[in-house]
file data_35.cif (mmCIF, C-alpha atoms)
data_entry
#
loop_
_atom_site.label_atom_id
_atom_site.label_comp_id
_atom_site.auth_asym_id
_atom_site.auth_seq_id
_atom_site.Cartn_x
_atom_site.Cartn_y
_atom_site.Cartn_z
CA MET A 428 14.31 -24.00 -8.01
CA ASN A 429 16.24 -27.12 -9.06
CA ILE A 430 15.60 -30.41 -7.26
CA PRO A 431 18.97 -32.21 -6.96
CA ILE A 432 18.51 -35.53 -5.17
CA ASP A 433 21.53 -36.04 -2.94
CA LEU A 434 20.25 -35.98 0.66
CA PRO A 435 19.34 -39.08 2.70
CA ARG A 436 15.67 -40.02 2.53
CA LEU A 437 13.42 -39.43 5.47
CA LYS A 438 12.55 -42.67 7.23
CA GLY A 439 9.08 -43.84 6.27
CA PHE A 440 8.72 -41.51 3.29
CA ARG A 441 8.62 -42.70 -0.30
CA TYR A 442 9.97 -39.53 -1.86
CA PRO A 443 13.31 -37.80 -1.18
CA ARG A 444 13.29 -34.86 1.17
CA GLU A 445 14.22 -32.53 -1.71
CA ILE A 446 10.91 -33.34 -3.41
CA ILE A 447 9.01 -32.74 -0.17
CA GLY A 448 10.84 -29.46 0.45
CA TYR A 449 10.15 -28.32 -3.11
CA ALA A 450 6.42 -29.09 -2.74
CA VAL A 451 6.20 -27.10 0.51
CA TRP A 452 8.08 -24.20 -1.09
CA ALA A 453 5.87 -24.13 -4.19
CA TYR A 454 2.67 -24.30 -2.16
CA HIS A 455 3.57 -21.31 0.02
CA ARG A 456 5.74 -19.19 -2.25
CA LEU A 457 3.69 -19.40 -5.45
CA ALA A 458 0.21 -19.27 -3.85
CA LEU A 459 -0.75 -22.61 -5.40
CA SER A 460 -3.33 -25.19 -4.42
CA THR A 461 -2.29 -28.77 -3.71
CA ALA A 462 -3.68 -29.71 -7.14
CA ASP A 463 -1.45 -27.07 -8.75
CA VAL A 464 1.61 -28.41 -6.94
CA GLU A 465 0.65 -31.94 -8.03
CA ASP A 466 0.71 -30.77 -11.67
CA LEU A 467 3.96 -28.88 -11.16
CA LEU A 468 5.66 -32.02 -9.83
CA ALA A 469 4.10 -34.17 -12.57
CA ALA A 470 5.70 -31.90 -15.17
CA ARG A 471 9.03 -32.84 -13.60
CA GLY A 472 8.27 -36.55 -13.70
CA VAL A 473 7.24 -36.86 -10.03
CA ILE A 474 3.85 -38.54 -9.68
CA VAL A 475 2.36 -37.83 -6.27
CA SER A 476 -1.22 -37.27 -5.06
CA ARG A 477 -2.55 -33.96 -3.84
CA GLU A 478 -3.40 -35.65 -0.53
CA ALA A 479 0.27 -36.53 -0.02
CA ILE A 480 1.20 -32.92 -0.77
CA ARG A 481 -1.35 -31.70 1.78
CA LEU A 482 0.20 -33.99 4.40
CA TRP A 483 3.70 -32.74 3.55
CA VAL A 484 2.61 -29.11 3.86
CA ASN A 485 0.88 -29.73 7.20
CA ARG A 486 3.75 -31.76 8.63
CA PHE A 487 6.77 -29.78 7.45
CA GLY A 488 5.53 -26.22 6.88
CA GLN A 489 6.08 -25.37 10.53
CA HIS A 490 9.59 -26.84 10.40
CA PHE A 491 10.61 -24.33 7.75
CA ALA A 492 8.88 -21.49 9.59
CA ASN A 493 10.74 -22.38 12.81
CA CYS A 494 14.08 -22.42 10.98
CA ILE A 495 13.40 -19.00 9.46
CA ARG A 496 12.44 -17.58 12.87
CA ARG A 497 15.56 -19.08 14.43
CA ASP A 498 17.96 -17.55 11.93
CA ARG A 499 16.48 -14.11 11.36
CA PRO A 500 18.04 -11.05 13.04
CA ARG A 501 16.49 -9.59 16.17
CA PRO A 502 13.42 -7.61 15.10
CA ASN A 503 13.07 -3.86 15.21
CA ASP A 504 11.67 -2.53 18.49
CA LYS A 505 8.90 -0.55 16.78
CA TRP A 506 5.85 -2.79 16.35
CA HIS A 507 2.65 -2.49 14.37
CA MET A 508 -0.34 -4.54 15.58
CA ASP A 509 -3.66 -5.09 13.90
CA GLU A 510 -6.56 -7.51 13.69
CA VAL A 511 -8.58 -8.51 10.64
CA VAL A 512 -11.71 -10.62 10.37
CA ILE A 513 -11.62 -14.02 8.67
CA THR A 514 -14.56 -16.37 8.21
CA ILE A 515 -14.30 -20.02 9.24
CA ARG A 516 -17.33 -22.23 8.64
CA GLY A 517 -19.58 -19.20 8.49
CA LYS A 518 -18.36 -17.81 11.83
CA LYS A 519 -16.27 -14.68 12.34
CA HIS A 520 -12.77 -15.14 13.70
CA TRP A 521 -10.08 -12.54 14.18
CA LEU A 522 -6.55 -12.81 12.83
CA TRP A 523 -4.20 -10.81 15.07
CA ARG A 524 -0.91 -9.92 13.39
CA ALA A 525 2.16 -7.99 14.49
CA ILE A 526 5.02 -6.75 12.31
CA ASP A 527 8.09 -4.68 13.08
CA ALA A 528 9.09 -1.40 11.43
CA ASP A 529 10.92 -3.33 8.68
CA GLY A 530 7.73 -5.17 7.72
CA ASP A 531 8.85 -8.53 9.12
CA VAL A 532 6.01 -10.57 10.64
CA LEU A 533 6.59 -11.17 14.36
CA GLU A 534 3.56 -13.27 15.25
CA ILE A 535 0.03 -14.18 14.19
CA LEU A 536 -2.78 -15.58 16.29
CA VAL A 537 -6.28 -16.65 15.22
CA GLN A 538 -8.87 -15.97 17.94
CA THR A 539 -12.64 -15.93 18.20
CA ARG A 540 -12.79 -12.61 20.07
CA ARG A 541 -11.75 -9.01 19.48
CA ASN A 542 -11.66 -7.76 23.04
CA ALA A 543 -9.20 -6.87 25.80
CA LYS A 544 -8.67 -10.50 26.80
CA ALA A 545 -7.77 -11.45 23.22
CA ALA A 546 -5.51 -8.41 22.86
CA LYS A 547 -3.71 -9.27 26.12
CA ARG A 548 -3.21 -12.89 25.07
CA PHE A 549 -1.68 -11.84 21.76
CA PHE A 550 0.50 -9.05 23.15
CA GLN A 551 1.74 -11.32 25.95
CA ARG A 552 2.99 -13.82 23.35
CA LEU A 553 4.92 -11.05 21.63
CA VAL A 554 6.54 -9.70 24.79
CA SER A 555 7.52 -13.19 25.98
CA GLN A 556 9.31 -13.82 22.67
CA PHE A 557 10.91 -10.45 21.93
CA GLY A 558 10.86 -8.42 25.14
CA GLU A 559 9.26 -5.01 25.53
CA PRO A 560 9.03 -2.81 22.42
CA ARG A 561 9.99 0.83 22.27
CA VAL A 562 6.95 1.85 20.22
CA VAL A 563 3.61 0.10 19.65
CA ILE A 564 1.36 1.32 16.85
CA THR A 565 -2.25 0.14 16.73
CA ASP A 566 -5.56 1.25 15.31
CA LYS A 567 -8.05 2.92 17.66
CA LEU A 568 -9.36 -0.33 19.15
CA ARG A 569 -9.50 0.42 22.89
CA SER A 570 -8.85 -3.23 23.79
CA TYR A 571 -5.12 -2.60 23.24
CA ILE A 572 -4.78 0.12 25.86
CA LYS A 573 -4.64 -1.90 29.11
CA PRO A 574 -2.53 -4.83 27.79
CA VAL A 575 0.12 -2.49 26.37
CA LYS A 576 0.19 -0.40 29.53
CA ALA A 577 0.44 -3.48 31.76
CA LEU A 578 2.96 -5.53 29.76
CA ALA A 579 5.11 -2.76 28.26
CA PRO A 580 4.70 0.23 30.58
CA ASN A 581 7.63 2.12 29.04
CA ALA A 582 6.47 1.73 25.46
CA ASP A 583 5.14 4.65 23.45
CA HIS A 584 1.65 3.48 22.42
CA ARG A 585 0.36 5.32 19.35
CA ALA A 586 -3.26 4.53 18.50
CA HIS A 587 -3.93 5.98 15.06
CA LYS A 588 -5.47 4.39 11.99
CA GLY A 589 -3.31 6.35 9.57
CA LEU A 590 -0.03 5.20 11.15
CA ASN A 591 -0.83 1.52 10.63
CA ASN A 592 -0.81 1.32 6.82
CA ALA A 593 2.23 -0.97 6.81
CA ILE A 594 0.40 -3.81 8.52
CA GLU A 595 -2.63 -3.36 6.25
CA VAL A 596 -0.30 -4.35 3.40
CA SER A 597 0.84 -7.37 5.42
CA HIS A 598 -2.73 -8.71 5.43
CA ARG A 599 -2.91 -8.94 1.63
CA PRO A 600 -1.27 -12.38 1.21
CA THR A 601 -3.83 -13.77 3.67
CA ARG A 602 -6.69 -12.44 1.57
CA LYS A 603 -5.11 -13.88 -1.54
CA ARG A 604 -4.87 -17.33 0.02
CA GLU A 605 -8.44 -17.14 1.30
CA LYS A 606 -9.61 -16.88 -2.30
CA ILE A 607 -7.62 -19.99 -3.26
CA PHE A 608 -8.83 -21.99 -0.25
CA GLY A 609 -12.43 -20.84 -0.56
CA LYS A 610 -12.20 -19.74 3.11
CA PHE A 611 -10.36 -21.60 5.83
CA LYS A 612 -11.86 -24.90 6.93
CA SER A 613 -11.07 -24.71 10.65
CA HIS A 614 -9.48 -22.57 13.34
CA ARG A 615 -6.57 -25.01 13.58
CA GLN A 616 -5.97 -25.04 9.83
CA ALA A 617 -5.95 -21.24 9.65
CA GLN A 618 -3.46 -20.92 12.53
CA ARG A 619 -1.18 -23.67 11.22
CA PHE A 620 -1.17 -22.42 7.65
CA LEU A 621 -0.76 -18.71 8.35
CA ALA A 622 1.97 -19.21 10.97
CA ALA A 623 4.07 -20.99 8.32
CA HIS A 624 2.98 -18.91 5.34
CA ASP A 625 3.96 -15.56 6.83
CA GLN A 626 7.46 -16.73 7.71
CA ILE A 627 8.12 -18.42 4.35
CA ASN A 628 6.95 -15.33 2.51
CA LEU A 629 9.25 -13.29 4.73
CA LEU A 630 12.22 -15.27 3.39
CA PHE A 631 11.25 -15.28 -0.29
CA ARG A 632 9.71 -11.83 -0.66
CA PRO A 633 12.45 -9.25 -0.05
CA ARG A 634 11.34 -5.66 -0.61
CA ARG A 635 11.96 -5.71 -4.34
CA TYR A 636 11.13 -2.03 -4.79
CA GLN A 637 14.15 -1.25 -2.59
CA LEU A 638 16.58 -3.46 -4.57
CA ASN A 639 18.13 -3.28 -7.99
CA ALA A 640 18.04 -6.39 -10.19
CA THR A 641 21.46 -7.65 -9.10
CA SER A 642 20.71 -7.25 -5.39
CA TYR A 643 17.38 -8.98 -5.78
CA ARG A 644 18.99 -11.97 -7.51
CA HIS A 645 21.53 -12.24 -4.70
CA ALA A 646 18.74 -12.13 -2.11
CA ARG A 647 16.82 -14.82 -3.98
CA SER A 648 19.93 -16.99 -4.27
CA ASP A 649 20.55 -16.65 -0.53
CA ALA A 650 16.94 -17.63 0.18
CA PHE A 651 17.25 -20.77 -1.96
CA SER A 652 20.49 -21.67 -0.20
CA LEU A 653 18.83 -21.32 3.21
CA TRP A 654 15.87 -23.40 2.03
CA ALA A 655 18.26 -26.17 0.96
CA ASP A 656 19.87 -26.08 4.41
CA TYR A 657 16.47 -26.26 6.11
CA THR A 658 15.47 -29.16 3.87
CA ALA A 659 18.58 -31.03 5.02
CA GLU A 660 17.50 -30.46 8.65
CA MET A 661 14.09 -32.08 8.17
CA VAL A 662 13.37 -35.06 10.39
CA ALA A 663 10.62 -37.67 10.10
#

call {"tool": "encode", "arguments": {"input": "data_35.cif", "output": "C-alpha cells"}}
result
Amino acid sequence: MNIPIDLPRLKGFRYPREIIGYAVWAYHRLALSTADVEDLLAARGVIVSREAIRLWVNRFGQHFANCIRRDRPRPNDKWHMDEVVITIRGKKHWLWRAIDADGDVLEILVQTRRNAKAAKRFFQRLVSQFGEPRVVITDKLRSYIKPVKALAPNADHRAHKGLNNAIEVSHRPTRKREKIFGKFKSHRQAQRFLAAHDQINLLFRPRRYQLNATSYRHARSDAFSLWADYTAEMVA
C-alpha cells in the first residue's frame, strides 16, 4: 500500500491521516504488533512510537470497521453461531461469533458466561441488526434453544457440530492474534480489538481459493480504494 500525502491533517494530530490509516491497516491486516508497525513505518522514513500506534489503533480501528459494515451488502439469511473460550488475566471468557453462509462475520461479543442468558443477549443483538434469519446453525449447546425459538420463531434451528465447520475456521485469526498479544489484557480490549479486526479482515481477505489471480488483484485493488475513502472520512 502506497502512502500518498494529499488529505487534510486531522486536527490535533502530528501525522497525516494517511500515515495513521496505513498504521491501522498494517496492524490488523498483517497480524503485526505495534513494535512491528513502528519498524515498518521507520523503514519508510516515518518515526513514530509504538505507543502512538497503539492509540491510533484503539481510536480509529472502530471507524474503519463501522465503514465496512455500512457499505457491505445485506448478509445471507443463513447464520452460523458459535462460542470459543479465551483467557483474560487468567479467567475464562467466551467469545461469541456469528457468520453468514458466505463466511462474512456478522457480530462478535465477549462475555463471561456460556449460558442461556449470554446466548439470548448475543442473538438479540443479531436480530436487532439484521432481522430474523431463515436458518440458524449452532453446535449442540442447549443454551441456544430458547433464545432462537423466542426471537426467531420461524427460523430453522439446526444444532449439529458437524454443520458448523465454517465458523470454526472463522475463529483461527483470533487464535493467531492471541499468540501475538500473549493473551488479551482485558475484556474491553478483547471486544474492541476483535470487533474491528474481524471486519477489516473481511475486507482484505477475499476467498482467494475461489478467485483466479486477476480477480484477486481486482478485489485487492477495490479494497485499497475503499480503505483510502474511509481514511478520508476519519475525524478527530

call {"tool": "closest_residue", "arguments": {"input": "data_35.cif", "among": "A:Arg561, A:Arg496, A:Lys438, A:His490", "to": "His584 (chain A)", "atoms": "only C-alpha atoms"}}
result
A:Arg561

call {"tool": "closest_residue", "arguments": {"input": "data_35.cif", "among": "A:Pro435, A:Gly472, A:Pro574, A:Gly448", "to": "Lys544 (chain A)", "atoms": "all atoms listed in the file"}}
result
A:Pro574

call {"tool": "resolve_selection", "arguments": {"input": "data_35.cif", "expression": "the PyMOL selection byres ((chain A and resi 612) around 7)", "output": "PyMOL selection string"}}
result
chain A and resi 515-516+610-611+613+616

call {"tool": "resolve_selection", "arguments": {"input": "data_35.cif", "expression": "the PyMOL selection byres ((chain A and resi 495) around 10)", "output": "list in words"}}
result
Gln489, His490, Phe491, Ala492, Asn493, Cys494, Arg496, Arg497, Asp498, Arg499, Pro500, Ala623, Gln626, Ile627, Leu629, Leu630, Leu653, Trp654 and Tyr657 of chain A

call {"tool": "write_last_selection", "arguments": {"input": "data_35.cif", "atoms": "C-alpha atoms", "output": "mmCIF file, in the frame of the given file"}}
result
data_model
loop_
_atom_site.group_PDB
_atom_site.id
_atom_site.type_symbol
_atom_site.label_atom_id
_atom_site.label_comp_id
_atom_site.auth_asym_id
_atom_site.auth_seq_id
_atom_site.Cartn_x
_atom_site.Cartn_y
_atom_site.Cartn_z
ATOM 1 C CA GLN A 489 6.080 -25.370 10.530
ATOM 2 C CA HIS A 490 9.590 -26.840 10.400
ATOM 3 C CA PHE A 491 10.610 -24.330 7.750
ATOM 4 C CA ALA A 492 8.880 -21.490 9.590
ATOM 5 C CA ASN A 493 10.740 -22.380 12.810
ATOM 6 C CA CYS A 494 14.080 -22.420 10.980
ATOM 7 C CA ARG A 496 12.440 -17.580 12.870
ATOM 8 C CA ARG A 497 15.560 -19.080 14.430
ATOM 9 C CA ASP A 498 17.960 -17.550 11.930
ATOM 10 C CA ARG A 499 16.480 -14.110 11.360
ATOM 11 C CA PRO A 500 18.040 -11.050 13.040
ATOM 12 C CA ALA A 623 4.070 -20.990 8.320
ATOM 13 C CA GLN A 626 7.460 -16.730 7.710
ATOM 14 C CA ILE A 627 8.120 -18.420 4.350
ATOM 15 C CA LEU A 629 9.250 -13.290 4.730
ATOM 16 C CA LEU A 630 12.220 -15.270 3.390
ATOM 17 C CA LEU A 653 18.830 -21.320 3.210
ATOM 18 C CA TRP A 654 15.870 -23.400 2.030
ATOM 19 C CA TYR A 657 16.470 -26.260 6.110
#

call {"tool": "atom_distance", "arguments": {"input": "data_35.cif", "atom1": "CA of Arg569 (chain A)", "atom2": "CA of Arg619 (chain A)"}}
result
28.0 Å

call {"tool": "resolve_selection", "arguments": {"input": "data_35.cif", "expression": "the PyMOL selection byres ((chain A and resi 579) around 9)", "output": "ChimeraX atom specification"}}
result
/A:554,558-561,574-578,580-583

call {"tool": "closest_residue", "arguments": {"input": "data_35.cif", "among": "A:Asp509, A:Arg615, A:Arg541, A:Gly530", "to": "Val563 (chain A)", "atoms": "all atoms listed in the file"}}
result
A:Asp509

call {"tool": "residues_around", "arguments": {"input": "data_35.cif", "residues": "Pro633 (chain A)", "least_positions_apart": "3", "cutoff": "10 Å", "atoms": "only C-alpha atoms", "output": "VMD selection string"}}
result
chain A and resid 530 to 531 628 to 630 636 to 638 643 646 to 647 650

call {"tool": "residues_near_point", "arguments": {"input": "data_35.cif", "point": "(9.8, -38.0, 1.3)", "cutoff": "12 Å", "atoms": "only C-alpha atoms", "output": "PyMOL selection string"}}
result
chain A and resi 432+434-451+473+475+479-480+482-484+486-487+658-659+661-663

call {"tool": "build_atoms", "arguments": {"input": "data_35.cif", "residues": "region 458-469 of chain A", "atoms": "all heavy atoms", "output": "CSV table (one decimal), in the frame of the given file"}}
result
chain,number,residue,atom,x,y,z
A,458,ALA,N,1.7,-19.4,-4.1
A,458,ALA,CA,0.2,-19.3,-3.8
A,458,ALA,C,-0.6,-20.3,-4.7
A,458,ALA,O,-1.5,-19.9,-5.4
A,458,ALA,CB,-0.3,-17.8,-4.1
A,459,LEU,N,-0.1,-21.5,-4.6
A,459,LEU,CA,-0.8,-22.6,-5.4
A,459,LEU,C,-1.6,-23.5,-4.5
A,459,LEU,O,-1.4,-23.6,-3.3
A,459,LEU,CB,0.3,-23.5,-6.1
A,459,LEU,CG,1.3,-22.8,-7.0
A,459,LEU,CD1,2.3,-23.8,-7.5
A,459,LEU,CD2,0.6,-22.1,-8.2
A,460,SER,N,-2.6,-24.2,-5.1
A,460,SER,CA,-3.3,-25.2,-4.4
A,460,SER,C,-2.5,-26.5,-4.5
A,460,SER,O,-1.5,-26.6,-5.2
A,460,SER,CB,-4.7,-25.4,-5.1
A,460,SER,OG,-4.5,-26.0,-6.4
A,461,THR,N,-3.0,-27.5,-3.7
A,461,THR,CA,-2.3,-28.8,-3.7
A,461,THR,C,-2.4,-29.4,-5.1
A,461,THR,O,-1.5,-30.1,-5.5
A,461,THR,CB,-2.9,-29.7,-2.7
A,461,THR,OG1,-4.3,-29.8,-2.8
A,461,THR,CG2,-2.5,-29.2,-1.2
A,462,ALA,N,-3.5,-29.2,-5.8
A,462,ALA,CA,-3.7,-29.7,-7.1
A,462,ALA,C,-2.7,-29.1,-8.1
A,462,ALA,O,-2.1,-29.7,-9.0
A,462,ALA,CB,-5.1,-29.5,-7.6
A,463,ASP,N,-2.4,-27.8,-7.9
A,463,ASP,CA,-1.4,-27.1,-8.8
A,463,ASP,C,0.0,-27.6,-8.5
A,463,ASP,O,0.7,-27.8,-9.5
A,463,ASP,CB,-1.4,-25.6,-8.4
A,463,ASP,CG,-2.7,-24.9,-8.9
A,463,ASP,OD1,-3.4,-25.3,-9.8
A,463,ASP,OD2,-3.1,-23.9,-8.2
A,464,VAL,N,0.3,-27.9,-7.3
A,464,VAL,CA,1.6,-28.4,-6.9
A,464,VAL,C,1.7,-29.8,-7.5
A,464,VAL,O,2.8,-30.2,-8.0
A,464,VAL,CB,1.9,-28.4,-5.4
A,464,VAL,CG1,3.2,-29.0,-5.1
A,464,VAL,CG2,1.8,-27.0,-4.9
A,465,GLU,N,0.7,-30.6,-7.4
A,465,GLU,CA,0.6,-31.9,-8.0
A,465,GLU,C,1.0,-31.9,-9.5
A,465,GLU,O,1.8,-32.6,-10.0
A,465,GLU,CB,-0.7,-32.6,-7.9
A,465,GLU,CG,-0.9,-34.0,-8.5
A,465,GLU,CD,-2.3,-34.5,-8.4
A,465,GLU,OE1,-3.2,-33.8,-7.8
A,465,GLU,OE2,-2.5,-35.6,-8.8
A,466,ASP,N,0.4,-30.9,-10.2
A,466,ASP,CA,0.7,-30.8,-11.7
A,466,ASP,C,2.1,-30.3,-11.9
A,466,ASP,O,2.8,-30.7,-12.8
A,466,ASP,CB,-0.3,-29.8,-12.3
A,466,ASP,CG,-1.7,-30.3,-12.4
A,466,ASP,OD1,-1.8,-31.5,-12.3
A,466,ASP,OD2,-2.6,-29.5,-12.6
A,467,LEU,N,2.6,-29.4,-11.0
A,467,LEU,CA,4.0,-28.9,-11.2
A,467,LEU,C,5.0,-30.0,-11.0
A,467,LEU,O,6.0,-30.1,-11.8
A,467,LEU,CB,4.2,-27.8,-10.1
A,467,LEU,CG,5.4,-26.9,-10.2
A,467,LEU,CD1,5.3,-26.1,-11.5
A,467,LEU,CD2,5.5,-26.0,-9.0
A,468,LEU,N,4.8,-30.9,-10.0
A,468,LEU,CA,5.7,-32.0,-9.8
A,468,LEU,C,5.5,-33.0,-11.0
A,468,LEU,O,6.5,-33.6,-11.4
A,468,LEU,CB,5.4,-32.7,-8.5
A,468,LEU,CG,5.7,-31.9,-7.2
A,468,LEU,CD1,5.2,-32.6,-6.0
A,468,LEU,CD2,7.3,-31.7,-7.2
A,469,ALA,N,4.3,-33.2,-11.5
A,469,ALA,CA,4.1,-34.2,-12.6
A,469,ALA,C,4.9,-33.7,-13.8
A,469,ALA,O,5.4,-34.6,-14.6
A,469,ALA,CB,2.6,-34.3,-12.9
